[in-house]
Amino acid sequence: MGTPPDNDVLWARALRHSYRGEPALLGVSINVRAGEILTVAGHRGSGKSTLLHCLSGRLVPEEGEVWFNSAPVHTLSEGAREALRRDRFGWIGPGDQLVPELSAWENAALPLLMRGDSHRESRAVAQEWLERLDIGSVARRRPADLPHSQRQRIAVARALVTGPDVVFADEPTAPLHRADRDLLLRTLTSAARSHGITVVLATTDPELGRYADRTITLADGRPDTATRPHDRELTAPARV
Ligand SMILES: Nc1ncnc2c1ncn2[C@@H]1O[C@H](COP(=O)(O)OP(=O)(O)OP(=O)(O)O)[C@@H](O)[C@H]1O
C-alpha cells in the first residue's frame with residue numbers, strides 16, 4: 001500500500017472488521033482532509049460507528065490501515081493509541097456520557113485535568129468553551145439538572161477543550177429534538193471551522209449532510225454505490 005497524501009489528516013485503506021464472525025466493515029477506504037467536516041451517513045448497523053472507532057484508534061481493524069497525519073495508527077501500542085486519542089482527538093457520542101457527580105465545567109475540563117493541567121487553568125479554558133457554546137451560566141450545575149440539549153453541548157465543550165485535530169461525533173444529536181439538533185450542529189461546526197478542527201460525524205439522518213463539506217454513505221459495511229457520484233468518496237471494497 002502507498003503512503004497517504006500530505007493534506008489528508010486521516011487516511012484509511014481497505015478496513016475490514018467483524019464482531020464474533022459477523023462482518024461490520026467490508027473493505028472501506030476513506031480520506032479526510034485537514035479542516036474538513038465530513039458526514040458518514042447510513043442506516044443503523046451499516047458500520048458507521050465501527051468506522052469511527054477504527055479511524056480514532058479506539059479499535060484496531062482486523063485488516064487494513066489507518067494513518068493520522070502521515071503516521072500509522074493501526075500499528076501503535078494500546079498506550080500510544082490512548083495518548084493519541086487524549087491529545088489529538090475529541091469524541092462525542094449519542095447518549096449521556098457526562099459524569100453525573102461532576103458539574104458542567106468539571107465535565108468539560110475533564111480531558112485537561114486528566115492530562116495533568118492545573119485546576120485553575122483547566123477551569124478557565126472549560127469556562128471559555130462553555131461560554132462559546134452559550135452555556136456559561138450553567139457551569140456549576142450538575143448534568144441531571146440540565147436538559148439534553150445543554151448536556152450535549154457540555155459533551156461538545158469536552159471534545160473541543162484540548163484543541164484537538166479531529167473531533168469524532170457518533171450520532172451526537174440522537175437524543176435531541178429537531179430545533180436542538182440544528183443548534184448543536186451549527187454550534188459544533190462553526191466552532192470547528194473557526195478553530196480549524198476536522199470533524200467526522202456519523203449519522204442515520206441524511207439531512208445532516210448540509211452541515212458538512214462532504215458526505216459518504218455506508219450500506220452493510222461497504223460504500224453505498226447508490227449515492228450520488230460526487231458523494232462517492234469511498235473506494236470499492238478491496239475484496240468481498
Ligand atoms: N460491540 C459489538 N459487538 C457485536 N456486534 C457489534 C458491535 N458493534 C457493532 N456490532 C455490529 O456490527 C454491525 C455494524 O455496527 P455499527 O455500530 O458499526 O453500525 P452503525 O451504522 O454505527 O449502527 P448504529 O447507528 O446502530 O450505531 C452491526 O451489525 C452491529 O450489530
# chains A, B, ... in the order shown; residues from 1 in each chain; ligands from 1
call {"tool": "residues_around", "arguments": {"residues": "stretch 128-133 of chain A", "least_positions_apart": "6", "cutoff": "9 Å", "atoms": "only C-alpha atoms", "output": "PyMOL selection string"}}
result
chain A and resi 104-105+108+139+153-154+156-158+160-161+184+187-188+191
call {"tool": "residues_near_ligand", "arguments": {"ligand": "ligand 1", "cutoff": "8 Å", "atoms": "only C-alpha atoms and all ligand atoms", "output": "number ranges by chain"}}
result
A: 18-20, 22-25, 41-51, 170-171, 202-204, 218, 220-221
call {"tool": "write_last_selection", "arguments": {"atoms": "C-alpha atoms", "output": "short mmCIF file (atom, residue, chain, number, x, y, z; two decimals), in the first residue's frame"}}
result
data_model
loop_
_atom_site.label_atom_id
_atom_site.label_comp_id
_atom_site.auth_asym_id
_atom_site.auth_seq_id
_atom_site.Cartn_x
_atom_site.Cartn_y
_atom_site.Cartn_z
CA SER A 18 -16.12 -8.25 12.26
CA TYR A 19 -17.59 -8.95 15.67
CA ARG A 20 -17.64 -12.65 16.60
CA GLU A 22 -20.32 -11.09 11.94
CA PRO A 23 -18.88 -8.62 9.42
CA ALA A 24 -19.26 -4.90 10.23
CA LEU A 25 -16.81 -3.35 7.75
CA ALA A 41 -24.23 8.53 6.63
CA GLY A 42 -26.01 5.19 6.50
CA HIS A 43 -28.79 3.20 8.10
CA ARG A 44 -28.46 1.61 11.53
CA GLY A 45 -25.94 -1.20 11.57
CA SER A 46 -24.24 -0.06 8.35
CA GLY A 47 -20.85 0.19 10.05
CA LYS A 48 -20.59 3.92 10.80
CA SER A 49 -19.60 3.54 14.47
CA THR A 50 -17.13 0.79 13.65
CA LEU A 51 -15.53 3.05 11.03
CA ASP A 170 -21.12 9.47 16.63
CA GLU A 171 -24.83 10.32 16.34
CA ALA A 202 -21.72 9.66 11.82
CA THR A 203 -25.47 9.91 11.38
CA THR A 204 -28.51 8.00 10.17
CA LEU A 218 -22.17 3.19 4.04
CA ASP A 220 -23.89 -3.07 5.14
CA GLY A 221 -20.26 -2.27 5.84
#
call {"tool": "closest_residue", "arguments": {"among": "A:Val99, A:Leu185, A:Gln150, A:Val28", "to": "A:Cys54", "atoms": "only C-alpha atoms"}}
result
A:Val28
call {"tool": "residues_around", "arguments": {"residues": "A:Leu201", "least_positions_apart": "2", "cutoff": "7 Å", "atoms": "only C-alpha atoms", "output": "PyMOL selection string"}}
result
chain A and resi 38-40+168-170+199+203
call {"tool": "atom_distance", "arguments": {"atom1": "atom CA of A:Ala34", "atom2": "atom CA of A:Arg193"}}
result
10.7 Å
call {"tool": "closest_residue", "arguments": {"among": "A:Leu26, A:Leu146, A:Ala155, A:Val9", "to": "A:Pro111", "atoms": "only C-alpha atoms"}}
result
A:Ala155
call {"tool": "atom_distance", "arguments": {"atom1": "atom CA of A:Glu62", "atom2": "atom CA of A:Ile30"}}
result
16.3 Å
call {"tool": "atom_distance", "arguments": {"atom1": "atom CA of A:Asp182", "atom2": "atom CA of A:Gln152"}}
result
12.3 Å
call {"tool": "select_by_dssp", "arguments": {"residues": "stretch 152-183 of chain A", "states": "strand (DSSP E or B)", "output": "list in words"}}
result
Val166, Val167, Phe168, Ala169 and Asp170 of chain A
call {"tool": "closest_residue", "arguments": {"among": "A:Gly209, A:Gly93, A:Arg141, A:Ala83", "to": "A:Met114", "atoms": "only C-alpha atoms"}}
result
A:Ala83
call {"tool": "closest_residue", "arguments": {"among": "A:Ser149, A:Ser190, A:Thr162, A:Ser137", "to": "A:Ala109", "atoms": "only C-alpha atoms"}}
result
A:Thr162
call {"tool": "select_by_dssp", "arguments": {"residues": "stretch 19-211 of chain A", "states": "alpha helix (DSSP H)", "output": "ChimeraX atom specification"}}
result
/A:48-55,78-88,104-114,119-132,148-160,178-194
